[in-house]
$ cat target_30.cif   # mmCIF, C-alpha atoms
data_my_file
loop_
_atom_site.label_atom_id
_atom_site.label_comp_id
_atom_site.auth_asym_id
_atom_site.auth_seq_id
_atom_site.Cartn_x
_atom_site.Cartn_y
_atom_site.Cartn_z
CA MET H 1 33.16 -85.17 -154.68
CA SER H 2 30.43 -82.53 -154.93
CA VAL H 3 30.24 -80.14 -157.88
CA ARG H 4 31.76 -76.73 -157.09
CA ARG H 5 30.69 -73.71 -159.06
CA LEU H 6 31.37 -69.99 -158.85
CA ALA H 7 28.90 -67.74 -157.08
CA GLU H 8 26.08 -66.09 -158.96
CA ASP H 9 26.89 -63.04 -161.06
CA THR H 10 24.72 -60.91 -158.78
CA VAL H 11 27.32 -61.15 -155.98
CA GLN H 12 30.43 -61.09 -158.17
CA PRO H 13 32.48 -57.85 -158.02
CA ALA H 14 33.26 -56.12 -161.28
CA ALA H 15 37.03 -56.16 -160.80
CA PHE H 16 39.83 -57.37 -158.56
CA ALA H 17 43.23 -55.99 -157.68
CA PHE H 18 45.74 -56.96 -155.03
CA SER H 19 46.45 -54.36 -152.40
CA LYS H 20 49.83 -52.65 -152.61
CA GLU H 21 51.29 -54.95 -149.95
CA ASN H 22 49.81 -58.10 -151.46
CA ALA H 23 50.90 -57.09 -154.97
CA ALA H 24 54.51 -56.85 -153.79
CA TRP H 25 54.16 -60.21 -152.07
CA ALA H 26 52.69 -61.79 -155.21
CA GLU H 27 55.56 -60.48 -157.37
CA ALA H 28 58.16 -61.85 -154.94
CA THR H 29 56.35 -65.20 -154.79
CA ILE H 30 56.34 -65.60 -158.56
CA LYS H 31 60.09 -64.96 -158.68
CA LYS H 32 60.68 -67.95 -156.37
CA TYR H 33 59.90 -70.31 -159.25
CA PRO H 34 62.31 -71.07 -162.15
CA GLU H 35 61.86 -69.33 -165.47
CA GLY H 36 59.06 -70.99 -167.37
CA ARG H 37 57.57 -72.44 -164.15
CA GLU H 38 55.91 -69.28 -162.82
CA GLN H 39 52.47 -70.86 -163.18
CA SER H 40 53.29 -73.02 -160.15
CA ALA H 41 52.47 -69.96 -158.03
CA VAL H 42 48.77 -70.22 -158.88
CA ILE H 43 47.72 -71.76 -155.54
CA PRO H 44 49.63 -69.28 -153.31
CA LEU H 45 48.22 -66.35 -155.29
CA LEU H 46 44.66 -67.64 -155.09
CA MET H 47 45.06 -68.15 -151.33
CA ARG H 48 46.30 -64.57 -150.90
CA ALA H 49 43.36 -63.31 -152.96
CA GLN H 50 40.99 -65.23 -150.68
CA GLU H 51 42.63 -63.83 -147.56
CA GLN H 52 42.24 -60.33 -148.95
CA ASP H 53 38.56 -60.52 -149.97
CA GLY H 54 37.37 -63.46 -147.87
CA TRP H 55 36.55 -65.60 -150.90
CA VAL H 56 37.76 -66.26 -154.47
CA THR H 57 35.86 -64.18 -156.96
CA ARG H 58 35.64 -64.60 -160.73
CA ALA H 59 37.59 -61.37 -161.13
CA ALA H 60 40.33 -62.68 -158.83
CA ILE H 61 40.63 -65.88 -160.88
CA GLU H 62 41.00 -63.90 -164.10
CA SER H 63 43.47 -61.49 -162.52
CA VAL H 64 45.70 -64.30 -161.27
CA ALA H 65 45.51 -65.97 -164.69
CA ASP H 66 46.67 -62.75 -166.37
CA MET H 67 49.56 -62.40 -163.92
CA LEU H 68 50.79 -65.93 -164.64
CA GLY H 69 50.00 -66.07 -168.37
CA MET H 70 47.47 -68.87 -167.92
CA ALA H 71 44.16 -69.52 -169.61
CA TYR H 72 41.18 -68.62 -167.41
CA ILE H 73 39.89 -72.19 -167.49
CA ARG H 74 43.16 -73.54 -166.06
CA VAL H 75 42.95 -71.31 -162.99
CA LEU H 76 39.24 -72.02 -162.71
CA GLU H 77 40.06 -75.76 -162.61
CA VAL H 78 42.38 -75.20 -159.65
CA ALA H 79 39.95 -73.01 -157.74
CA THR H 80 37.03 -75.40 -158.16
CA PHE H 81 39.06 -78.52 -157.36
CA TYR H 82 40.47 -77.60 -153.94
CA THR H 83 37.87 -77.17 -151.22
CA GLN H 84 40.16 -74.76 -149.36
CA PHE H 85 39.00 -72.09 -151.81
CA GLN H 86 35.68 -70.44 -150.96
CA LEU H 87 33.80 -69.73 -154.18
CA GLN H 88 31.05 -67.60 -152.65
CA PRO H 89 30.86 -64.98 -149.90
CA VAL H 90 31.44 -66.21 -146.34
CA GLY H 91 31.05 -64.55 -142.97
CA THR H 92 33.17 -61.46 -142.61
CA ARG H 93 33.89 -62.20 -138.94
CA ALA H 94 33.94 -66.00 -138.92
CA HIS H 95 33.45 -68.91 -141.28
CA VAL H 96 33.14 -72.03 -139.11
CA GLN H 97 34.34 -75.27 -140.69
CA VAL H 98 33.02 -78.23 -138.70
CA CYS H 99 34.94 -81.48 -139.16
CA GLY H 100 32.52 -84.31 -139.88
CA THR H 101 34.92 -87.19 -140.43
CA THR H 102 34.59 -90.39 -138.37
CA PRO H 103 36.59 -89.49 -135.20
CA CYS H 104 34.84 -86.14 -134.81
CA MET H 105 31.47 -87.61 -135.72
CA LEU H 106 31.86 -90.29 -133.04
CA ARG H 107 32.68 -87.66 -130.44
CA GLY H 108 29.88 -85.19 -131.08
CA ALA H 109 30.32 -83.40 -134.42
CA GLU H 110 26.58 -83.64 -135.05
CA ASP H 111 25.91 -81.62 -131.89
CA LEU H 112 28.35 -78.95 -133.13
CA ILE H 113 26.50 -78.78 -136.44
CA LYS H 114 23.25 -78.23 -134.54
CA ILE H 115 24.84 -75.24 -132.80
CA CYS H 116 25.89 -73.79 -136.17
CA LYS H 117 22.37 -74.19 -137.50
CA LYS H 118 21.03 -72.53 -134.37
CA LYS H 119 23.52 -69.63 -134.15
CA ILE H 120 24.29 -68.96 -137.83
CA ALA H 121 21.99 -70.44 -140.49
CA SER H 122 20.00 -73.59 -141.11
CA GLU H 123 22.00 -74.46 -144.25
CA PRO H 124 25.77 -74.47 -144.87
CA PHE H 125 27.32 -71.70 -146.98
CA THR H 126 24.49 -69.41 -145.94
CA LEU H 127 25.23 -66.06 -144.34
CA ASN H 128 23.48 -64.97 -141.17
CA GLU H 129 21.33 -61.87 -141.25
CA GLY H 130 24.26 -59.51 -140.74
CA GLY H 131 26.53 -61.32 -143.21
CA THR H 132 29.12 -61.77 -140.47
CA LEU H 133 28.90 -65.54 -139.89
CA SER H 134 28.71 -68.68 -142.03
CA TRP H 135 29.51 -72.36 -141.64
CA GLU H 136 30.12 -75.60 -143.53
CA GLU H 137 30.90 -79.26 -142.85
CA VAL H 138 34.34 -80.36 -144.03
CA GLU H 139 36.49 -83.47 -144.12
CA CYS H 140 39.36 -84.27 -141.75
CA GLN H 141 41.21 -81.23 -140.41
CA GLY H 142 44.00 -83.31 -138.88
CA ALA H 143 43.17 -83.01 -135.18
CA CYS H 144 41.55 -86.42 -134.70
CA VAL H 145 43.09 -86.98 -131.26
CA ASN H 146 41.32 -83.88 -129.97
CA ALA H 147 37.96 -84.50 -131.63
CA PRO H 148 35.50 -82.92 -132.09
CA MET H 149 36.90 -79.72 -133.53
CA VAL H 150 36.24 -76.80 -135.87
CA MET H 151 38.47 -74.47 -137.88
CA ILE H 152 37.86 -70.74 -138.10
CA PHE H 153 40.09 -69.08 -140.68
CA LYS H 154 43.55 -70.58 -139.94
CA ASP H 155 43.00 -71.60 -136.32
CA THR H 156 41.61 -74.84 -134.94
CA PHE H 157 39.49 -75.13 -131.80
CA GLU H 158 39.51 -78.65 -130.39
CA ASP H 159 37.95 -80.81 -127.66
CA LEU H 160 34.74 -78.88 -128.10
CA THR H 161 31.39 -79.20 -126.41
CA PRO H 162 28.26 -77.60 -127.87
CA GLU H 163 28.30 -75.04 -125.07
CA ARG H 164 31.94 -74.10 -125.73
CA LEU H 165 31.36 -73.73 -129.48
CA GLU H 166 28.40 -71.47 -128.79
CA GLU H 167 30.63 -69.26 -126.65
CA ILE H 168 33.30 -69.12 -129.36
CA ILE H 169 30.79 -68.12 -132.03
CA ASP H 170 29.47 -65.35 -129.79
CA ARG H 171 33.02 -64.04 -129.25
CA PHE H 172 33.69 -63.84 -132.98
CA GLU H 173 30.35 -62.17 -133.59
CA ALA H 174 31.30 -59.56 -131.00
CA ARG H 175 34.63 -58.93 -132.81
CA LYS H 176 36.51 -60.56 -129.94
CA GLY H 177 37.62 -63.72 -131.70
CA SER H 178 41.28 -62.87 -131.17
CA GLU H 179 40.72 -63.29 -127.44
CA VAL H 180 39.82 -66.98 -127.84
CA VAL H 181 42.89 -69.16 -127.43
CA PRO H 182 43.04 -71.71 -130.28
CA GLY H 183 43.83 -75.38 -129.76
CA PRO H 184 42.38 -77.69 -127.09
CA GLN H 185 39.59 -76.14 -125.06
CA ILE H 186 40.15 -78.47 -122.10
CA ASP H 187 43.00 -79.26 -119.72
CA ARG H 188 45.51 -80.64 -122.19
CA VAL H 189 48.57 -79.36 -124.01
CA TYR H 190 48.26 -79.88 -127.76
CA SER H 191 47.67 -83.65 -128.13
CA ALA H 192 49.01 -84.68 -124.73
CA PRO H 193 46.80 -86.79 -122.43
CA ILE H 194 43.99 -85.06 -120.58
CA GLY H 195 45.28 -83.87 -117.22
CA GLY H 196 48.93 -83.94 -118.21
CA LEU H 197 51.62 -86.39 -119.22
CA THR H 198 51.55 -89.89 -117.80
CA THR H 199 54.63 -91.29 -119.56
CA LEU H 200 58.14 -90.14 -120.49
CA GLN H 201 58.43 -88.22 -117.27
CA ALA H 202 61.43 -87.93 -114.94
CA PRO H 203 61.74 -91.15 -112.96
CA GLU H 204 60.79 -90.99 -109.31
CA PRO H 205 63.63 -91.58 -106.84
CA VAL H 206 63.82 -95.23 -105.88
CA GLU H 207 64.95 -96.21 -102.42
CA GLU H 208 67.92 -98.51 -102.53
CA LYS H 209 67.22 -101.87 -100.96
CA LYS H 210 69.87 -103.05 -98.58
CA LYS H 211 71.30 -106.42 -99.48
CA PRO H 212 70.88 -109.07 -96.77
CA VAL H 213 74.06 -109.71 -94.86
CA ARG H 214 75.23 -113.27 -95.21
CA ALA H 215 76.74 -115.02 -92.22
CA SER H 216 80.48 -115.33 -92.68
CA LYS H 217 82.12 -118.68 -92.28
CA ALA H 218 84.15 -119.32 -89.23
CA LYS H 219 87.83 -118.84 -89.79
CA ASP H 220 88.67 -122.34 -88.65
CA GLU H 221 85.88 -123.93 -90.79
CA GLN H 222 87.18 -125.92 -93.72
CA ALA H 223 85.36 -126.57 -96.99
CA VAL H 224 83.90 -130.08 -97.28
CA SER H 225 85.35 -132.04 -100.20
CA VAL H 226 82.56 -133.77 -102.19
CA PRO H 227 83.73 -136.53 -104.54
CA PRO H 228 82.23 -136.63 -108.06
CA SER H 229 79.14 -138.81 -108.50
CA ASN H 230 79.34 -142.10 -110.44
CA ALA H 231 75.59 -142.64 -110.60
CA ALA H 232 75.38 -142.47 -114.39
CA LYS H 233 78.51 -144.47 -115.05
CA PRO H 234 77.75 -147.99 -116.42
CA SER H 235 78.88 -150.89 -114.31
CA THR H 236 81.26 -152.91 -116.51
CA ALA H 237 84.67 -154.52 -116.25
CA THR H 238 85.54 -153.76 -119.87
CA ASP H 239 88.26 -151.27 -120.36
CA VAL H 240 86.79 -148.05 -121.70
CA THR H 241 89.90 -147.12 -123.55
CA ASN H 242 91.52 -150.46 -124.39
CA PRO H 243 94.56 -149.59 -126.51
CA THR H 244 94.27 -152.90 -128.39
CA LEU H 245 90.89 -151.96 -129.81
CA LYS H 246 91.12 -150.58 -133.27
CA THR H 247 88.58 -148.91 -135.54
CA PRO H 248 87.83 -149.97 -139.12
CA ALA H 249 89.80 -147.00 -140.28
CA THR H 250 93.00 -148.23 -138.56
CA ALA H 251 92.46 -151.96 -139.01
CA ARG H 252 90.57 -152.54 -142.21
CA LYS H 253 91.43 -156.28 -142.48
CA ALA H 254 90.20 -157.03 -138.96
CA ALA H 255 87.03 -155.05 -139.59
CA ALA H 256 86.31 -156.94 -142.77
CA LYS H 257 86.80 -160.22 -140.92
CA ASN H 258 84.37 -159.14 -138.17
CA VAL H 259 81.70 -158.41 -140.77
CA LYS H 260 81.85 -162.04 -141.98
CA ILE H 261 81.30 -163.40 -138.47
CA GLU H 262 77.72 -164.43 -137.93
CA GLY H 263 76.13 -162.25 -135.28
CA GLU H 264 72.78 -160.81 -134.20
CA THR H 265 72.49 -158.77 -137.37
CA VAL H 266 73.03 -161.71 -139.75
CA ASP H 267 70.01 -162.99 -141.69
CA LYS H 268 69.67 -166.54 -140.29
CA SER H 269 67.09 -167.53 -142.87
CA LYS H 270 69.94 -168.03 -145.30
CA PRO H 271 72.59 -170.70 -144.79
CA ALA H 272 75.79 -169.37 -143.42
CA LYS H 273 78.73 -169.38 -145.72
CA LYS H 274 81.57 -171.59 -144.74
CA PRO H 275 84.84 -169.86 -144.35
CA ARG H 276 87.42 -170.73 -146.94
#
$ encode --input "target_30.cif" --output "structure tokens"
Amino acid sequence: MSVRRLAEDTVQPAAFAFSKENAAWAEATIKKYPEGREQSAVIPLLMRAQEQDGWVTRAAIESVADMLGMAYIRVLEVATFYTQFQLQPVGTRAHVQVCGTTPCMLRGAEDLIKICKKKIASEPFTLNEGGTLSWEEVECQGACVNAPMVMIFKDTFEDLTPERLEEIIDRFEARKGSEVVPGPQIDRVYSAPIGGLTTLQAPEPVEEKKKPVRASKAKDEQAVSVPPSNAAKPSTATDVTNPTLKTPATARKAAAKNVKIEGETVDKSKPAKKPR
């Protein structure tokens, strides 16, 4: 993260005070926090100070610290940590923040930066001759689907081409920035597909297919009786369920006697035992 410092003393105002409307807002905001936790309002108050003057001055930092009972260094830590706070003067009519993160960079952010260098100043955080325009490169602004994009104040302008960004900058310079519609600058609604939705639409009416009519059987036709197949049945004369056959569980003596009879499973290498 780059080092962030306050602007030079030559551009710092001598004092800061909220306007009457903003002072009432600041007092109401502080009361939203529990007793003893009023210092949690430091970020909202710094943001309101920036919206009032365009940037966060040293005097604004000290004023907010006095309102919240904080040491100056603690508020200075907050202001220098978050890049949303501008620590030096920016354009009075537009401060263009160009997203330079990967999605925007892949889709032409470098060309947008060239336009800013051409229309505003060769270096970021540098005012144009009239002090009305400035620019900087920032990290992700959260509109990756509609890359490339820029943010001017609180509005985003997406799906930009160099030509379109040049037009937008000219509109803000002419005090007509409010006439530019924020969001996608092409034929799309928010982050919907270009040209309109292609999914999750109402289904198209489907023609019902007529089922083929099967020929009915003649009334006097009788069903043919097909006997069951005996192809897999073994050919044997032995009764399958001979009631005289018994299992070892029901005839243990007979089973034990069968085990002693020499058969295919008997080891013939040993002499057979003679029955007693």
$ residues_around --input "target_30.cif" --residues "Thr101 of chain H" --least-positions-apart "3" --cutoff "9 Å" --atoms "only C-alpha atoms" --output "MDAnalysis selection string"
chainID H and resid 104:106 109 138:141 144
$ resolve_selection --input "target_30.cif" --expression "the PyMOL selection byres ((chain H and resi 166) around 12)" --output "list in words"
Val96, Asp111, Leu112, Ile113, Lys114, Ile115, Cys116, Lys117, Lys118, Lys119, Ile120, Val150, Leu160, Thr161, Pro162, Glu163, Arg164, Leu165, Glu167, Ile168, Ile169, Asp170, Arg171, Phe172 and Glu173 of chain H
$ write_last_selection --input "target_30.cif" --atoms "C-alpha atoms" --output "PDB file, keeping the file's coordinate frame"
ATOM      1  CA  VAL H  96      33.140 -72.030-139.110  1.00  0.00           C
ATOM      2  CA  ASP H 111      25.910 -81.620-131.890  1.00  0.00           C
ATOM      3  CA  LEU H 112      28.350 -78.950-133.130  1.00  0.00           C
ATOM      4  CA  ILE H 113      26.500 -78.780-136.440  1.00  0.00           C
ATOM      5  CA  LYS H 114      23.250 -78.230-134.540  1.00  0.00           C
ATOM      6  CA  ILE H 115      24.840 -75.240-132.800  1.00  0.00           C
ATOM      7  CA  CYS H 116      25.890 -73.790-136.170  1.00  0.00           C
ATOM      8  CA  LYS H 117      22.370 -74.190-137.500  1.00  0.00           C
ATOM      9  CA  LYS H 118      21.030 -72.530-134.370  1.00  0.00           C
ATOM     10  CA  LYS H 119      23.520 -69.630-134.150  1.00  0.00           C
ATOM     11  CA  ILE H 120      24.290 -68.960-137.830  1.00  0.00           C
ATOM     12  CA  VAL H 150      36.240 -76.800-135.870  1.00  0.00           C
ATOM     13  CA  LEU H 160      34.740 -78.880-128.100  1.00  0.00           C
ATOM     14  CA  THR H 161      31.390 -79.200-126.410  1.00  0.00           C
ATOM     15  CA  PRO H 162      28.260 -77.600-127.870  1.00  0.00           C
ATOM     16  CA  GLU H 163      28.300 -75.040-125.070  1.00  0.00           C
ATOM     17  CA  ARG H 164      31.940 -74.100-125.730  1.00  0.00           C
ATOM     18  CA  LEU H 165      31.360 -73.730-129.480  1.00  0.00           C
ATOM     19  CA  GLU H 167      30.630 -69.260-126.650  1.00  0.00           C
ATOM     20  CA  ILE H 168      33.300 -69.120-129.360  1.00  0.00           C
ATOM     21  CA  ILE H 169      30.790 -68.120-132.030  1.00  0.00           C
ATOM     22  CA  ASP H 170      29.470 -65.350-129.790  1.00  0.00           C
ATOM     23  CA  ARG H 171      33.020 -64.040-129.250  1.00  0.00           C
ATOM     24  CA  PHE H 172      33.690 -63.840-132.980  1.00  0.00           C
ATOM     25  CA  GLU H 173      30.350 -62.170-133.590  1.00  0.00           C
TER      26      GLU H 173
END
$ atom_distance --input "target_30.cif" --atom1 "atom CA of Gly131 of chain H" --atom2 "atom CA of Thr156 of chain H"
21.9 Å
$ atom_distance --input "target_30.cif" --atom1 "atom CA of Ala26 of chain H" --atom2 "atom CA of Asp66 of chain H"
12.7 Å
$ closest_residue --input "target_30.cif" --among "H:Ile186, H:Ala94, H:Leu6, H:Ala24" --to "Arg58 of chain H" --atoms "all atoms listed in the file"
H:Leu6
$ atom_distance --input "target_30.cif" --atom1 "atom CA of Tyr82 of chain H" --atom2 "atom CA of Thr57 of chain H"
14.5 Å
$ residues_around --input "target_30.cif" --residues "Gly130 of chain H" --least-positions-apart "3" --cutoff "9 Å" --atoms "only C-alpha atoms" --output "PyMOL selection string"
chain H and resi 91+127+133
$ resolve_selection --input "target_30.cif" --expression "the PyMOL selection byres ((chain H and resi 8-11) around 12)" --output "PyMOL selection string"
chain H and resi 5-7+12-15+55-59+87-90
$ write_last_selection --input "target_30.cif" --atoms "C-alpha atoms" --output "JSON list (two decimals), in the frame of the given file"
[["chain", "number", "residue", "atom", "x", "y", "z"],
["H", 5, "ARG", "CA", 30.69, -73.71, -159.06],
["H", 6, "LEU", "CA", 31.37, -69.99, -158.85],
["H", 7, "ALA", "CA", 28.90, -67.74, -157.08],
["H", 12, "GLN", "CA", 30.43, -61.09, -158.17],
["H", 13, "PRO", "CA", 32.48, -57.85, -158.02],
["H", 14, "ALA", "CA", 33.26, -56.12, -161.28],
["H", 15, "ALA", "CA", 37.03, -56.16, -160.80],
["H", 55, "TRP", "CA", 36.55, -65.60, -150.90],
["H", 56, "VAL", "CA", 37.76, -66.26, -154.47],
["H", 57, "THR", "CA", 35.86, -64.18, -156.96],
["H", 58, "ARG", "CA", 35.64, -64.60, -160.73],
["H", 59, "ALA", "CA", 37.59, -61.37, -161.13],
["H", 87, "LEU", "CA", 33.80, -69.73, -154.18],
["H", 88, "GLN", "CA", 31.05, -67.60, -152.65],
["H", 89, "PRO", "CA", 30.86, -64.98, -149.90],
["H", 90, "VAL", "CA", 31.44, -66.21, -146.34]]
$ closest_residue --input "target_30.cif" --among "H:Ser63, H:Thr83, H:Gln97, H:Thr199" --to "Ser134 of chain H" --atoms "all atoms listed in the file"
H:Gln97
$ resolve_selection --input "target_30.cif" --expression "the PyMOL selection byres ((chain H and resi 79) around 12)" --output "PDB file with C-alpha atoms, in the frame of the given file"
ATOM      1  CA  ARG H   4      31.760 -76.730-157.090  1.00  0.00           C
ATOM      2  CA  ARG H   5      30.690 -73.710-159.060  1.00  0.00           C
ATOM      3  CA  LEU H   6      31.370 -69.990-158.850  1.00  0.00           C
ATOM      4  CA  VAL H  42      48.770 -70.220-158.880  1.00  0.00           C
ATOM      5  CA  ILE H  43      47.720 -71.760-155.540  1.00  0.00           C
ATOM      6  CA  PRO H  44      49.630 -69.280-153.310  1.00  0.00           C
ATOM      7  CA  LEU H  45      48.220 -66.350-155.290  1.00  0.00           C
ATOM      8  CA  LEU H  46      44.660 -67.640-155.090  1.00  0.00           C
ATOM      9  CA  MET H  47      45.060 -68.150-151.330  1.00  0.00           C
ATOM     10  CA  ALA H  49      43.360 -63.310-152.960  1.00  0.00           C
ATOM     11  CA  GLN H  50      40.990 -65.230-150.680  1.00  0.00           C
ATOM     12  CA  TRP H  55      36.550 -65.600-150.900  1.00  0.00           C
ATOM     13  CA  VAL H  56      37.760 -66.260-154.470  1.00  0.00           C
ATOM     14  CA  THR H  57      35.860 -64.180-156.960  1.00  0.00           C
ATOM     15  CA  ARG H  58      35.640 -64.600-160.730  1.00  0.00           C
ATOM     16  CA  ALA H  60      40.330 -62.680-158.830  1.00  0.00           C
ATOM     17  CA  ILE H  61      40.630 -65.880-160.880  1.00  0.00           C
ATOM     18  CA  GLU H  62      41.000 -63.900-164.100  1.00  0.00           C
ATOM     19  CA  VAL H  64      45.700 -64.300-161.270  1.00  0.00           C
ATOM     20  CA  ALA H  65      45.510 -65.970-164.690  1.00  0.00           C
ATOM     21  CA  TYR H  72      41.180 -68.620-167.410  1.00  0.00           C
ATOM     22  CA  ILE H  73      39.890 -72.190-167.490  1.00  0.00           C
ATOM     23  CA  ARG H  74      43.160 -73.540-166.060  1.00  0.00           C
ATOM     24  CA  VAL H  75      42.950 -71.310-162.990  1.00  0.00           C
ATOM     25  CA  LEU H  76      39.240 -72.020-162.710  1.00  0.00           C
ATOM     26  CA  GLU H  77      40.060 -75.760-162.610  1.00  0.00           C
ATOM     27  CA  VAL H  78      42.380 -75.200-159.650  1.00  0.00           C
ATOM     28  CA  THR H  80      37.030 -75.400-158.160  1.00  0.00           C
ATOM     29  CA  PHE H  81      39.060 -78.520-157.360  1.00  0.00           C
ATOM     30  CA  TYR H  82      40.470 -77.600-153.940  1.00  0.00           C
ATOM     31  CA  THR H  83      37.870 -77.170-151.220  1.00  0.00           C
ATOM     32  CA  GLN H  84      40.160 -74.760-149.360  1.00  0.00           C
ATOM     33  CA  PHE H  85      39.000 -72.090-151.810  1.00  0.00           C
ATOM     34  CA  GLN H  86      35.680 -70.440-150.960  1.00  0.00           C
ATOM     35  CA  LEU H  87      33.800 -69.730-154.180  1.00  0.00           C
ATOM     36  CA  GLN H  88      31.050 -67.600-152.650  1.00  0.00           C
TER      37      GLN H  88
END
$ closest_residue --input "target_30.cif" --among "H:Leu68, H:Val181, H:Ala174, H:Leu200" --to "Asp155 of chain H" --atoms "all atoms listed in the file"
H:Val181
$ axis_aligned_box --input "target_30.cif" --around "segment 80-94 of chain H" --padding-each-side "3 Å" --output "lines of an AutoDock Vina configuration file"
center_x = 35.7
center_y = -70.0
center_z = -148.5
size_x = 15.6
size_y = 23.1
size_z = 25.2
